[in-house]
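Below you'll find the structure, written out as C-alpha cells, and then a few comments.
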Amino acid sequence: MRETLSVDVIIPNYNGAAHLPACLTSLQHQTRAGARITVVDDASTDGSAAVVAAFPGVRWLALPHNRGFAAAANAAIAATDGDIVVLLNNDTEASAGWLAALVGALESDPTVAFAASKLMLFDERDRIHSAGDTYRADGVPGNRGVWQRDIGQYDDQPEVFGPCAGAAAYRRSALTALAEDGQIFDEDLVMYCEDVDLNLRARRYGLRTRFVPGAVVYHRLSATGGGQLASYYCGRNFLLVWAKNMPAPLARRHWWRMVRTQVRLAGEAAWHGREPAARARLAGQLAGLRALPRFIAKRRPLDAAGVSALQCALLDDAGGVS
C-alpha cells in the first residue's frame with residue numbers, strides 16, 4: 001500500500017526578492033496539495049519579506065545574521081517536522097506536477113532515501129541543468145546531462161549518485177541518521193558542495209537516490225550566487241569534501257587524481273589571473289589547504305560494505321565508472 005507522507009518545502013533565500021514571485025507562484029499551482037512552504041531568509045536587505053508576505057500561507061523564517069546556505073537549510077529543517085524535506089532554490093520555477101512526482105517517488109518506494117528533480121535551464125527550457133548529480137574520484141562533482149538537449153536520454157536511468165539540493169526531496173529519517181554533530185549540512189562548508197558532502201555521506205552508508213524525470217524544475221543558473229563567490233567556495237570545498245569523505249582505501253587509490261586535478265585547476269586559474277573569478281578560485285584553494293586539518297579531523301571510519309558502495313558510485317576523470 002502506498003504511504004502518504006507529510007511534506008515541508010524549504011526555500012533558502014538571500015536577497016532573492018526579484019525571483020521569489022515566480023518560485024512561489026509555481027508552488028501555488030502544484031497538483032499535489034498540502035505541502036507546507038517555508039522561506040528561510042539569510043538576513044536579506046532587499047525587501048524579500050514584503051514579497052513573501054503577499055503569498056498567504058507561506059511561512060517566513062528570518063535568520064538574524066547571514067551564515068550561508070548550509071546554516072539556513074539546517075535552521076529550516078530544525079524548525080519543521082514533515083516526513084519529507086524538500087529543498088528548492090529561490091531562483092526556480094517548478095512545473096505543476098513537480099512535487100507530486102518528486103514526493104511520489106519516495107512514497108512508492110520506501111527503500112529510496114533521496115529523490116532528484118530534472119533541473120532544466122530557465123531560459124532554454126529544452127536543455128538540462130541536472131538529471132541527477134555525479135561525483136568523480138578526483139573530487140570534482142558534476143551535473144548529469146548538463147547543457148544537453150533533453151530527448152529523454154536519462155529518463156530510464158533512475159539510480160543516481162545524489163540530488164542537487166536546488167530541487168531535491170529527502171526523507172527526514174535519513175537526514176537525521178546522517179547528521180554529524182547535530183548538523184545535516186556541514187556548516188563549515190558555508191555554501192557550494194554542501195549537498196555533495198551530504199550525498200557522499202549517504203552513499204557511504206548505502207542510501208539510494210532516485211532520479212525522477214517527471215519532477216521538472218526550471219532554474220535560473222546562479223541568479224542568486226555564482227561569479228567570484230561560487231569560484232571561491234568551489235575552489236575551497238572540492239578539496240575539503242574529498243578529504244573529509246574519501247575512505248582510506250579509496251584515498252590511497254585515487255589521491256593522485258585529486259592532486260593532479262587540483263594542480264590543473266590552480267594552473268588554469270593562474271593563467272587567467274586577471275579575471276576576478278580566477279583569482280577567487282585560487283584564494284579558495286589556498287583557504288582549502290589551510291582548512292584541511294580541520295576537515296581531516298571530521299573523517300569517520302567506514303566498513304568494507306561502505307567502501308564498496310562509495311566506489312561503485314564514483315566516476316573516473318572521463319566520466320566512466322571508476
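We name chains A, B, ... following the order of the C-alpha cells; residues begin at 1 in each chain, and ligands are numbered from 1 as shown.
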
Residues within 12 Å of A:Gln183, only C-alpha atoms, excluding chain neighbours under 3 positions, as a PyMOL selection string: chain A and resi 70-78+175-180+186-189+194+197-198

Expected answer as an NGL selection string: helix (DSSP H, G or I) residues in stretch 8-216 of chain A: :A and (20-28 or 48-53 or 69-78 or 98-108 or 172-178 or 187-189 or 194-204)

Sel. of strand (DSSP E or B) residues, stretch 109-229 of chain A, as JSON, numbers by chain: {"A": [112, 113, 114, 115, 116, 117, 118, 119, 120, 121, 127, 128, 129, 130, 133, 134, 135, 136, 141, 142, 143, 149, 159, 160, 162, 167, 168, 169, 170, 171, 180, 183, 208, 209, 210, 211, 212, 213, 214, 215, 216, 217, 218, 219]}

Nearest to A:Gly82 by atom-to-atom distance, counting only C-alpha atoms, from A:Asn15, A:Ser308, A:Thr38, A:Gln262: A:Thr38

Coordinates-based distance that separates atom CA of A:Asn199 from atom CA of A:Ile184 (Å, one decimal):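 Rounded to one decimal, the two atoms are 11.0 Å apart.
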
Contact residues around A:Leu286 with only C-alpha atoms at 12 Å, ignoring same-chain residues under 2 positions, as a PyMOL selection string: chain A and resi 232-240+262-263+266+279-284+288-292

Let's have the selection written as an mmCIF file, in the first residue's frame, with C-alpha atoms.
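Generated output (out.cif):
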data_model
loop_
_atom_site.group_PDB
_atom_site.id
_atom_site.type_symbol
_atom_site.label_atom_id
_atom_site.label_comp_id
_atom_site.auth_asym_id
_atom_site.auth_seq_id
_atom_site.Cartn_x
_atom_site.Cartn_y
_atom_site.Cartn_z
ATOM 1 C CA TYR A 232 35.940 30.830 -4.178
ATOM 2 C CA TYR A 233 33.815 28.221 -2.436
ATOM 3 C CA CYS A 234 34.165 25.620 -5.194
ATOM 4 C CA GLY A 235 37.919 26.167 -5.137
ATOM 5 C CA ARG A 236 37.872 25.653 -1.384
ATOM 6 C CA ASN A 237 35.291 22.928 -0.995
ATOM 7 C CA PHE A 238 36.220 20.487 -3.775
ATOM 8 C CA LEU A 239 39.342 19.626 -1.788
ATOM 9 C CA LEU A 240 37.701 19.655 1.645
ATOM 10 C CA GLN A 262 43.860 20.497 -8.013
ATOM 11 C CA VAL A 263 47.146 21.413 -9.741
ATOM 12 C CA ALA A 266 45.243 26.136 -9.975
ATOM 13 C CA ARG A 279 41.699 34.915 -8.511
ATOM 14 C CA ALA A 280 38.790 33.910 -6.285
ATOM 15 C CA ARG A 281 39.323 30.237 -7.172
ATOM 16 C CA LEU A 282 42.999 30.454 -6.271
ATOM 17 C CA ALA A 283 42.098 32.134 -2.980
ATOM 18 C CA GLY A 284 39.594 29.361 -2.327
ATOM 19 C CA GLY A 288 41.054 24.861 1.456
ATOM 20 C CA LEU A 289 44.655 23.948 2.217
ATOM 21 C CA ARG A 290 44.515 25.967 5.437
ATOM 22 C CA ALA A 291 41.274 24.265 6.491
ATOM 23 C CA LEU A 292 42.433 20.770 5.524
#

Spatial neighbours of stretch 200-215 of chain A, max dist 7 Å, only C-alpha atoms, sep filter under 4 positions, as a VMD selection string: chain A and resid 97 to 99 101 to 102 112 to 118 131 to 132 155 158 to 163 178 196 245 306 to 307 309 to 310

Requested write-out: N, CA and C atoms of the selected residues, as a PDB file, in the first residue's frame:
ATOM      1  N   GLY A  97       3.357  19.516 -11.961  1.00  0.00           N
ATOM      2  CA  GLY A  97       3.396  18.164 -11.405  1.00  0.00           C
ATOM      3  C   GLY A  97       4.674  17.822 -10.674  1.00  0.00           C
ATOM      4  N   TRP A  98       5.528  18.834 -10.473  1.00  0.00           N
ATOM      5  CA  TRP A  98       6.852  18.592  -9.876  1.00  0.00           C
ATOM      6  C   TRP A  98       6.773  17.914  -8.511  1.00  0.00           C
ATOM      7  N   LEU A  99       6.051  18.502  -7.581  1.00  0.00           N
ATOM      8  CA  LEU A  99       6.051  17.994  -6.215  1.00  0.00           C
ATOM      9  C   LEU A  99       5.390  16.621  -6.135  1.00  0.00           C
ATOM     10  N   ALA A 101       5.322  14.306  -8.410  1.00  0.00           N
ATOM     11  CA  ALA A 101       6.236  13.297  -8.938  1.00  0.00           C
ATOM     12  C   ALA A 101       7.401  13.054  -7.993  1.00  0.00           C
ATOM     13  N   LEU A 102       7.975  14.131  -7.458  1.00  0.00           N
ATOM     14  CA  LEU A 102       9.170  14.012  -6.620  1.00  0.00           C
ATOM     15  C   LEU A 102       8.863  13.265  -5.323  1.00  0.00           C
ATOM     16  N   VAL A 112      14.157   3.995  -0.982  1.00  0.00           N
ATOM     17  CA  VAL A 112      14.858   5.155  -1.536  1.00  0.00           C
ATOM     18  C   VAL A 112      14.870   6.277  -0.501  1.00  0.00           C
ATOM     19  N   ALA A 113      16.034   6.877  -0.283  1.00  0.00           N
ATOM     20  CA  ALA A 113      16.182   7.922   0.738  1.00  0.00           C
ATOM     21  C   ALA A 113      16.003   9.327   0.187  1.00  0.00           C
ATOM     22  N   PHE A 114      16.554   9.592  -1.018  1.00  0.00           N
ATOM     23  CA  PHE A 114      16.528  10.914  -1.619  1.00  0.00           C
ATOM     24  C   PHE A 114      15.912  10.813  -3.019  1.00  0.00           C
ATOM     25  N   ALA A 115      15.356  11.934  -3.494  1.00  0.00           N
ATOM     26  CA  ALA A 115      14.832  11.994  -4.855  1.00  0.00           C
ATOM     27  C   ALA A 115      15.358  13.246  -5.540  1.00  0.00           C
ATOM     28  N   ALA A 116      15.799  13.082  -6.781  1.00  0.00           N
ATOM     29  CA  ALA A 116      16.399  14.167  -7.560  1.00  0.00           C
ATOM     30  C   ALA A 116      15.446  14.636  -8.646  1.00  0.00           C
ATOM     31  N   SER A 117      15.272  15.943  -8.764  1.00  0.00           N
ATOM     32  CA  SER A 117      14.448  16.528  -9.823  1.00  0.00           C
ATOM     33  C   SER A 117      15.207  16.551 -11.144  1.00  0.00           C
ATOM     34  N   LYS A 118      14.460  16.771 -12.232  1.00  0.00           N
ATOM     35  CA  LYS A 118      15.072  17.095 -13.515  1.00  0.00           C
ATOM     36  C   LYS A 118      15.125  18.618 -13.602  1.00  0.00           C
ATOM     37  N   ALA A 131      20.295  16.149 -14.433  1.00  0.00           N
ATOM     38  CA  ALA A 131      19.428  14.978 -14.362  1.00  0.00           C
ATOM     39  C   ALA A 131      19.973  14.065 -13.272  1.00  0.00           C
ATOM     40  N   GLY A 132      20.211  14.670 -12.102  1.00  0.00           N
ATOM     41  CA  GLY A 132      20.888  13.977 -11.006  1.00  0.00           C
ATOM     42  C   GLY A 132      22.363  14.313 -11.021  1.00  0.00           C
ATOM     43  N   ASP A 155      15.920   9.389 -18.806  1.00  0.00           N
ATOM     44  CA  ASP A 155      14.659   9.089 -18.134  1.00  0.00           C
ATOM     45  C   ASP A 155      14.547   7.643 -17.677  1.00  0.00           C
ATOM     46  N   PRO A 158      17.236   5.565 -13.477  1.00  0.00           N
ATOM     47  CA  PRO A 158      16.728   6.187 -12.252  1.00  0.00           C
ATOM     48  C   PRO A 158      17.722   6.279 -11.098  1.00  0.00           C
ATOM     49  N   GLU A 159      18.743   5.435 -11.071  1.00  0.00           N
ATOM     50  CA  GLU A 159      19.670   5.455  -9.938  1.00  0.00           C
ATOM     51  C   GLU A 159      20.768   6.470 -10.192  1.00  0.00           C
ATOM     52  N   VAL A 160      20.946   7.436  -9.295  1.00  0.00           N
ATOM     53  CA  VAL A 160      21.988   8.452  -9.444  1.00  0.00           C
ATOM     54  C   VAL A 160      22.792   8.578  -8.160  1.00  0.00           C
ATOM     55  N   PHE A 161      23.954   9.207  -8.284  1.00  0.00           N
ATOM     56  CA  PHE A 161      24.813   9.425  -7.116  1.00  0.00           C
ATOM     57  C   PHE A 161      24.086  10.203  -6.029  1.00  0.00           C
ATOM     58  N   GLY A 162      23.391  11.268  -6.411  1.00  0.00           N
ATOM     59  CA  GLY A 162      22.680  12.083  -5.438  1.00  0.00           C
ATOM     60  C   GLY A 162      21.934  13.207  -6.122  1.00  0.00           C
ATOM     61  N   PRO A 163      21.093  13.919  -5.374  1.00  0.00           N
ATOM     62  CA  PRO A 163      20.361  15.048  -5.949  1.00  0.00           C
ATOM     63  C   PRO A 163      21.096  16.364  -5.766  1.00  0.00           C
ATOM     64  N   LEU A 178      22.024  10.758   9.134  1.00  0.00           N
ATOM     65  CA  LEU A 178      23.285  11.214   8.548  1.00  0.00           C
ATOM     66  C   LEU A 178      23.875  12.427   9.258  1.00  0.00           C
ATOM     67  N   VAL A 196      26.879  17.944  -2.018  1.00  0.00           N
ATOM     68  CA  VAL A 196      27.801  16.874  -2.416  1.00  0.00           C
ATOM     69  C   VAL A 196      28.283  16.129  -1.176  1.00  0.00           C
ATOM     70  N   ASN A 245      35.545  12.887   3.151  1.00  0.00           N
ATOM     71  CA  ASN A 245      34.670  11.745   2.890  1.00  0.00           C
ATOM     72  C   ASN A 245      35.312  10.547   2.205  1.00  0.00           C
ATOM     73  N   GLY A 306      30.634  -0.186   3.112  1.00  0.00           N
ATOM     74  CA  GLY A 306      30.531   1.238   2.813  1.00  0.00           C
ATOM     75  C   GLY A 306      31.533   1.681   1.767  1.00  0.00           C
ATOM     76  N   VAL A 307      32.757   1.163   1.865  1.00  0.00           N
ATOM     77  CA  VAL A 307      33.778   1.481   0.874  1.00  0.00           C
ATOM     78  C   VAL A 307      33.335   1.010  -0.506  1.00  0.00           C
ATOM     79  N   ALA A 309      30.251   0.473  -1.547  1.00  0.00           N
ATOM     80  CA  ALA A 309      29.102   1.257  -2.011  1.00  0.00           C
ATOM     81  C   ALA A 309      29.544   2.590  -2.590  1.00  0.00           C
ATOM     82  N   LEU A 310      30.519   3.222  -1.960  1.00  0.00           N
ATOM     83  CA  LEU A 310      31.002   4.504  -2.462  1.00  0.00           C
ATOM     84  C   LEU A 310      31.805   4.319  -3.751  1.00  0.00           C
TER      85      LEU A 310
END

Proximity to A:Arg264 - best of A:Arg171, A:Cys312, A:Asp138, A:Arg300, only C-alpha atoms: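 Going through A:Arg171, A:Cys312, A:Asp138, A:Arg300 one by one, the smallest distance to A:Arg264 is for A:Asp138.
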
Among the residues A:Ala22, A:Val51, A:Ile296, A:Ala174, the one that comes closest to A:Thr111 [using only C-alpha atoms]: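 Comparing A:Ala22, A:Val51, A:Ile296, A:Ala174 against A:Thr111, the winner is A:Ala174.
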
Straight-line distance linking atom CA of A:Gly145 with atom CA of A:Ile128, stated in Å to one decimal: 6.0 Å

Shortest interatomic distance to A:Ala33 - which of A:Asn89, A:Pro249, A:Ala100, A:Leu20, counting only C-alpha atoms: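 Looking only at the distances to A:Ala33, the closest residue turns out to be A:Ala100.
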
Option closest in space to A:Trp147, from A:Ala96, A:Leu5, A:Leu88, A:Leu121 [counting only C-alpha atoms]: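 The shortest atom-to-atom distance to A:Trp147 comes from A:Leu121.
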
Test item: residues at most 7 Å from A:His219, only C-alpha atoms, excluding those fewer than 4 positions along its chain, as a ChimeraX atom specification: /A:91-93,119-122

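Interatomic distance, atom CA of A:Val146 against atom CA of A:Ala269: 22.3 Å.
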